[in-house]
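Asks: Have a look at this one before I ask anything.
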Amino acid sequence: MIPDRIIEQGTLTTDGARAAVEVRLPWYRALPASCIAGATLAVDGVEAPAESLRWEMNGRTFTFDELVPNTEEWWFPTDSAVLSGDIALDDAPEHKVEVSLVLYIPYIVIGDGEVLHIEERDAKTMPARKAVAA
């Protein structure tokens, strides 16, 4: 619904081996974590391996398998989540970041008990900042 606002401009970070970017919900209502069905992250055409992807929201980090049963955590349209994965960035001044999201909308039933499934994509070009060690 709002794909051009998925990637937060200027939020690409790297620690040398992993890249991370802040993402926003492309929907107008909050969704439970269990409705975040998947994502991809690519920088400069290199896609992070699926098994390396992590999703951070509400101060907690999850794999996508951990999101499936999670109905306690919610993603709100006003909050950014962080999508990260194993991608080493070069020293280029700017990088093309691409994110795709797969979401289920549980309150819109489209037939035979199935709920609406949306896939949205966004791409932006931005510089990378060095990640601050926690």
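Labels used: A, B, ... for chains in the order of the structure tokens, numbers from 1 for residues in each chain, and numbers from 1 for ligands as shown.
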For the helix (DSSP H, G or I) assignment from backbone DSSP, which residues of segment 6-111 of chain A qualify? Please present them as a list in words.
Replies: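 Those residues are Ala33, Ser34, Cys35, Ala50, Glu51, Ser52, Phe64, Asp65, Glu66 and Leu67 of chain A.
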Asks: Env of Trp27 of chain A: 12 Å cut, atoms = only C-alpha atoms, seq-sep filter 6 positions within chain, self excluded. Answer as a list in words.
Replies: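 In the requested format, the answer is Met1, Ile2, Pro3, Asp4, Arg5, Ile6, Cys35, Ile36, Trp75, Phe76, Pro77, Thr78, Asp79, Leu101, Val102, Leu103, Tyr104, Ile105, His117, Ile118, Glu119 and Glu120 of chain A.
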Asks: Which one of A:Glu72, A:Gly10, A:Gly85, A:Pro127 sits closest to Ala48 of chain A if you count only C-alpha atoms?
Replies: A:Gly85
Asks: Which one is closest to Lys130 of chain A: A:Arg60, A:Val68, A:Ala88, A:Thr40? Count only C-alpha atoms.
Replies: A:Ala88
Asks: Given the choices A:Tyr107, A:Glu73, A:Thr61, A:Val99, which gets closest to Ala42 of chain A if the distance is worked out from only C-alpha atoms?
Replies: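 Among A:Tyr107, A:Glu73, A:Thr61, A:Val99, it is A:Val99 that comes nearest to Ala42 of chain A.
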Asks: Pick out the closest residue to Glu51 of chain A from this set: A:Asp86, A:Arg129, A:Leu67, A:Arg121. Count only C-alpha atoms.
Replies: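 Using only C-alpha atoms, the shortest distance to Glu51 of chain A belongs to A:Asp86.
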Asks: Just the strand (DSSP E or B) stuff from segment 29-65 of chain A, please, per backbone DSSP, written as number ranges by chain.
Replies: A: 31-32, 36-43, 46-47, 54-57, 60-62
Asks: What's the separation between atom CA of Lys124 of chain A and atom CA of Lys96 of chain A, in Å to one decimal place?
Replies: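 Atom-to-atom, atom CA of Lys124 of chain A and atom CA of Lys96 of chain A are spaced 5.8 Å apart.
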Asks: What is the atom CA of Thr125 of chain A to atom CA of Gln9 of chain A distance in Å?
Replies: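 Separating atom CA of Thr125 of chain A from atom CA of Gln9 of chain A is a distance of 8.0 Å.
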Asks: Residues at most 12 Å from Met126 of chain A, counting only C-alpha atoms, excluding those fewer than 3 positions away in the same chain, as a ChimeraX atom specification?
Replies: /A:7-13,21,43-44,92-98,123,129
Asks: Let's have the selection written as a compact mmCIF listing (two decimals), in the first residue's frame, with all heavy atoms.
Replies:
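Contents of part-v9.txt, freshly written:
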# COMPACT_ATOMS: atom_id res chain seq x y z
N ILE A 7 11.76 1.69 3.14
CA ILE A 7 13.14 1.93 3.58
C ILE A 7 13.25 3.36 4.11
O ILE A 7 12.87 4.31 3.43
CB ILE A 7 14.14 1.73 2.43
CG1 ILE A 7 14.08 0.30 1.91
CG2 ILE A 7 15.55 2.09 2.89
CD1 ILE A 7 14.88 0.08 0.63
N GLU A 8 13.78 3.49 5.32
CA GLU A 8 14.03 4.82 5.90
C GLU A 8 15.32 5.37 5.29
O GLU A 8 16.39 4.77 5.45
CB GLU A 8 14.19 4.72 7.41
CG GLU A 8 12.93 4.37 8.13
CD GLU A 8 12.13 5.59 8.52
OE1 GLU A 8 12.48 6.72 8.14
OE2 GLU A 8 11.14 5.40 9.22
N GLN A 9 15.21 6.49 4.59
CA GLN A 9 16.37 7.09 3.93
C GLN A 9 17.46 7.42 4.96
O GLN A 9 17.17 7.91 6.05
CB GLN A 9 15.96 8.37 3.20
CG GLN A 9 17.06 9.00 2.40
CD GLN A 9 17.53 8.14 1.24
OE1 GLN A 9 16.75 7.51 0.56
NE2 GLN A 9 18.83 8.10 1.03
N GLY A 10 18.72 7.10 4.62
CA GLY A 10 19.86 7.45 5.47
C GLY A 10 20.09 6.54 6.66
O GLY A 10 20.84 6.91 7.56
N THR A 11 19.49 5.34 6.67
CA THR A 11 19.64 4.46 7.84
C THR A 11 20.52 3.24 7.59
O THR A 11 20.62 2.37 8.47
CB THR A 11 18.27 3.98 8.36
OG1 THR A 11 17.62 3.21 7.33
CG2 THR A 11 17.38 5.15 8.75
N LEU A 12 21.16 3.14 6.44
CA LEU A 12 22.02 1.99 6.15
C LEU A 12 23.26 2.03 7.05
O LEU A 12 23.96 3.04 7.11
CB LEU A 12 22.45 2.00 4.68
CG LEU A 12 23.40 0.88 4.24
CD1 LEU A 12 22.74 -0.49 4.39
CD2 LEU A 12 23.84 1.12 2.80
N THR A 13 23.50 0.93 7.76
CA THR A 13 24.69 0.81 8.60
C THR A 13 25.40 -0.49 8.27
O THR A 13 24.81 -1.43 7.75
CB THR A 13 24.35 0.84 10.11
OG1 THR A 13 23.49 -0.26 10.41
CG2 THR A 13 23.70 2.14 10.52
N VAL A 21 19.30 -1.90 7.82
CA VAL A 21 18.55 -0.73 7.38
C VAL A 21 17.23 -0.70 8.15
O VAL A 21 16.67 -1.74 8.49
CB VAL A 21 18.32 -0.75 5.85
CG1 VAL A 21 17.39 -1.86 5.42
CG2 VAL A 21 17.85 0.60 5.35
N VAL A 43 22.00 -5.24 -1.12
CA VAL A 43 22.75 -3.99 -1.24
C VAL A 43 23.67 -4.12 -2.45
O VAL A 43 24.41 -5.10 -2.57
CB VAL A 43 23.57 -3.70 0.04
CG1 VAL A 43 24.32 -2.39 -0.11
CG2 VAL A 43 22.67 -3.65 1.27
N ASP A 44 23.56 -3.16 -3.34
CA ASP A 44 24.35 -3.15 -4.58
C ASP A 44 24.19 -4.45 -5.36
O ASP A 44 25.15 -4.98 -5.92
CB ASP A 44 25.83 -2.86 -4.28
CG ASP A 44 26.03 -1.50 -3.63
OD1 ASP A 44 25.24 -0.58 -3.92
OD2 ASP A 44 26.97 -1.36 -2.82
N ALA A 92 32.29 2.31 -1.34
CA ALA A 92 31.62 3.25 -2.26
C ALA A 92 30.90 4.33 -1.45
O ALA A 92 30.43 4.07 -0.34
CB ALA A 92 30.62 2.49 -3.12
N PRO A 93 30.81 5.53 -2.00
CA PRO A 93 30.15 6.60 -1.25
C PRO A 93 28.65 6.39 -1.08
O PRO A 93 28.07 6.89 -0.12
CB PRO A 93 30.43 7.85 -2.09
CG PRO A 93 30.82 7.36 -3.43
CD PRO A 93 31.37 5.98 -3.27
N GLU A 94 28.03 5.66 -1.99
CA GLU A 94 26.61 5.37 -1.89
C GLU A 94 26.33 3.95 -2.31
O GLU A 94 27.08 3.36 -3.10
CB GLU A 94 25.79 6.34 -2.74
CG GLU A 94 25.83 7.77 -2.24
CD GLU A 94 24.67 8.58 -2.75
OE1 GLU A 94 24.26 8.38 -3.91
OE2 GLU A 94 24.17 9.42 -1.98
N HIS A 95 25.24 3.41 -1.77
CA HIS A 95 24.85 2.02 -2.05
C HIS A 95 23.37 1.97 -2.39
O HIS A 95 22.57 2.69 -1.78
CB HIS A 95 25.12 1.14 -0.83
CG HIS A 95 26.53 1.16 -0.39
ND1 HIS A 95 27.49 0.35 -0.96
CD2 HIS A 95 27.17 1.90 0.54
CE1 HIS A 95 28.66 0.59 -0.37
NE2 HIS A 95 28.48 1.54 0.54
N LYS A 96 23.01 1.09 -3.30
CA LYS A 96 21.60 0.87 -3.62
C LYS A 96 21.07 -0.22 -2.69
O LYS A 96 21.56 -1.35 -2.69
CB LYS A 96 21.41 0.45 -5.07
CG LYS A 96 19.94 0.26 -5.42
CD LYS A 96 19.73 -0.11 -6.86
CE LYS A 96 18.24 -0.28 -7.13
NZ LYS A 96 17.99 -0.73 -8.49
N VAL A 97 20.09 0.14 -1.89
CA VAL A 97 19.49 -0.78 -0.92
C VAL A 97 18.11 -1.19 -1.44
O VAL A 97 17.31 -0.35 -1.84
CB VAL A 97 19.33 -0.10 0.46
CG1 VAL A 97 18.70 -1.05 1.46
CG2 VAL A 97 20.66 0.43 0.96
N GLU A 98 17.85 -2.51 -1.43
CA GLU A 98 16.56 -3.03 -1.86
C GLU A 98 16.00 -3.93 -0.77
O GLU A 98 16.70 -4.78 -0.24
CB GLU A 98 16.72 -3.83 -3.15
CG GLU A 98 17.26 -3.00 -4.30
CD GLU A 98 17.63 -3.84 -5.50
OE1 GLU A 98 18.78 -4.33 -5.53
OE2 GLU A 98 16.76 -4.03 -6.37
N ALA A 123 13.31 0.51 -3.00
CA ALA A 123 14.73 0.65 -3.27
C ALA A 123 15.11 2.11 -3.08
O ALA A 123 14.37 3.00 -3.49
CB ALA A 123 15.07 0.20 -4.68
N ARG A 129 26.71 4.14 7.06
CA ARG A 129 27.41 4.58 8.28
C ARG A 129 27.99 3.35 8.96
O ARG A 129 27.44 2.26 8.85
CB ARG A 129 26.44 5.26 9.25
CG ARG A 129 25.84 6.55 8.74
CD ARG A 129 24.86 7.16 9.76
NE ARG A 129 23.60 6.40 9.77
CZ ARG A 129 23.11 5.75 10.83
NH1 ARG A 129 23.74 5.76 11.97
NH2 ARG A 129 21.98 5.10 10.76
Asks: Just the number, please: distance in Å from atom CA of Gly59 of chain A to atom CA of Asp122 of chain A, one decimal.
Replies: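 Distance reported for this atom pair: 23.8 Å.
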